[in-house]
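Worksheet: the structure to be examined is printed underneath.
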Amino acid sequence: MFNDCTFLVHHLTALGHGLREHWPRELRASATFVDLIASFRTLARESMSPVLQRTRDSVVRELGMWTQKGWLNENVLDDAEQRLVVACGCVAQVAHTAQAHLPSRVYLTVLGLLADVVVGYVAKRLSECVVSDTKARALVRLVAPVLALESRLFVLTSGTGQTRAPVAKYCSEWDGLQTQVRRLSMGTK
């Protein structure tokens, strides 16, 4: 529905002008379809919102323990890593479909909204950690699937090659995650 509305908006901008010669003289100056553009843009947005909300809810479910405080310890690291892999896989699956069907700006916005869910929870859990240097390195390795989102998904391919999109522009939680990863990498408690 989103693409249909976008297609109609694109064509409504010029439709009145293109058909002007076929209309009675009284209508030629005023008969346009421009007033419908805002309605179709709203419809496009409204059709995308429930899909994004359901997908976001699915990603939160897959994150499981990452959405809760105080669970991060050595006994659950394997399960925690598996949760991240599955949640990042959900985001990647949506990204694959979205990149094929949505304009680049919309694709990056959708991707940023979904990646923000994963990145935000991971950054929050890492900020709660006070660990030794050895455990800090293990945590950085643990969140590797999340860090890989940047190189896997925030890349646009065109006829001239690949362009890396600025992740922080579309994923508002990205800088917070980078700060926590740097803190853990430097061994700061």
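Labeling convention for the structure tokens: chains A, B, ... as they appear, residues from 1 per chain, ligands from 1 in order of appearance.
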
I'd like the contact shell of segment 86-91 of chain A - 8 Å cut-off, only C-alpha atoms, skipping same-chain residues fewer than 3 positions apart - returned as a ChimeraX atom specification. /A:59-60,62-63,82-83,94-95,111,114-115,118,145-146,149

Just checking: using only C-alpha atoms, which residue out of A:Val155, A:Leu84, A:Val51, A:Leu147 ends up closest to Gly64 of chain A?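 Closest to Gly64 of chain A, using only C-alpha atoms: A:Leu84.
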
Have a look at atom CA of Gln68 of chain A and atom CA of Val143 of chain A and let me know their distance in Å, one decimal.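 Distance reported for this atom pair: 16.1 Å.
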
If you run DSSP on the backbone here, which positions in segment 41-87 of chain A get alpha helix (DSSP H)? Please write them as a ChimeraX atom specification. /A:41-63,77-87

Quick one: of A:Leu184, A:Met1, A:Val85, A:Val34, who's nearest to Thr13 of chain A, counting only C-alpha atoms? A:Val34

With a distance cut-off of 10 Å and only C-alpha atoms, select the neighbouring residues of Asn3 of chain A, excluding the residue or stretch itself and same-chain residues fewer than 3 positions from it, and output the selection as a ChimeraX atom specification. /A:6-9,44,47-48,101-103

Export, as a compact mmCIF listing (two decimals), in the first residue's frame, the selected residues with N, CA, C and O atoms.
# COMPACT_ATOMS: atom_id res chain seq x y z
N THR A 6 2.74 6.08 -2.84
CA THR A 6 3.88 6.86 -3.32
C THR A 6 3.83 7.01 -4.83
O THR A 6 4.10 8.09 -5.38
N PHE A 7 3.48 5.95 -5.52
CA PHE A 7 3.34 5.98 -6.98
C PHE A 7 2.27 7.00 -7.38
O PHE A 7 2.47 7.82 -8.29
N LEU A 8 1.13 6.95 -6.71
CA LEU A 8 0.04 7.89 -7.03
C LEU A 8 0.46 9.34 -6.76
O LEU A 8 0.16 10.22 -7.56
N VAL A 9 1.14 9.57 -5.65
CA VAL A 9 1.61 10.93 -5.35
C VAL A 9 2.51 11.43 -6.46
O VAL A 9 2.39 12.57 -6.92
N ALA A 44 -0.13 6.67 2.96
CA ALA A 44 1.11 5.87 2.86
C ALA A 44 1.74 5.70 4.24
O ALA A 44 2.12 4.59 4.63
N SER A 47 -0.35 3.42 6.45
CA SER A 47 -0.29 2.00 6.08
C SER A 47 1.03 1.37 6.53
O SER A 47 1.08 0.17 6.80
N MET A 48 2.08 2.16 6.65
CA MET A 48 3.38 1.65 7.06
C MET A 48 3.49 1.51 8.58
O MET A 48 4.14 0.59 9.08
N HIS A 101 12.15 -2.63 -2.17
CA HIS A 101 10.84 -2.05 -2.50
C HIS A 101 10.63 -0.60 -2.08
O HIS A 101 9.65 0.00 -2.51
N LEU A 102 11.49 -0.06 -1.26
CA LEU A 102 11.29 1.30 -0.77
C LEU A 102 12.37 2.24 -1.29
O LEU A 102 13.50 1.82 -1.54
N PRO A 103 12.04 3.51 -1.41
CA PRO A 103 13.07 4.50 -1.77
C PRO A 103 14.16 4.51 -0.68
O PRO A 103 13.89 4.18 0.48

Distance in Å - atom CA of Cys171 of chain A versus atom CA of Asp116 of chain A: 5.4 Å

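If only C-alpha atoms are the atoms counted, then among A:Gln180, A:Ala100, A:Leu113, A:Trp71 the closest residue to Ser158 of chain A is A:Ala100.
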
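Coordinates place atom CA of Met65 of chain A at a distance of 14.7 Å from atom CA of Cys129 of chain A.
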
Find the residue from A:Pro24, A:Gly18, A:Pro50, A:Gly70 that sits nearest to Val130 of chain A; use only C-alpha atoms when measuring.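 The closest residue to Val130 of chain A is A:Gly70.
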
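Nearest residue to Val110 of chain A, choosing from A:Thr55, A:Trp66, A:Gln178, A:Asp35 and counting only C-alpha atoms: A:Thr55.
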
Compare A:Thr179, A:Ser127, A:Ser185, A:Thr109 by their minimum atom-to-atom distance to Val167 of chain A, counting only C-alpha atoms, and give me the closest one.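 Checking each candidate against Val167 of chain A, we get A:Thr109 as the closest.
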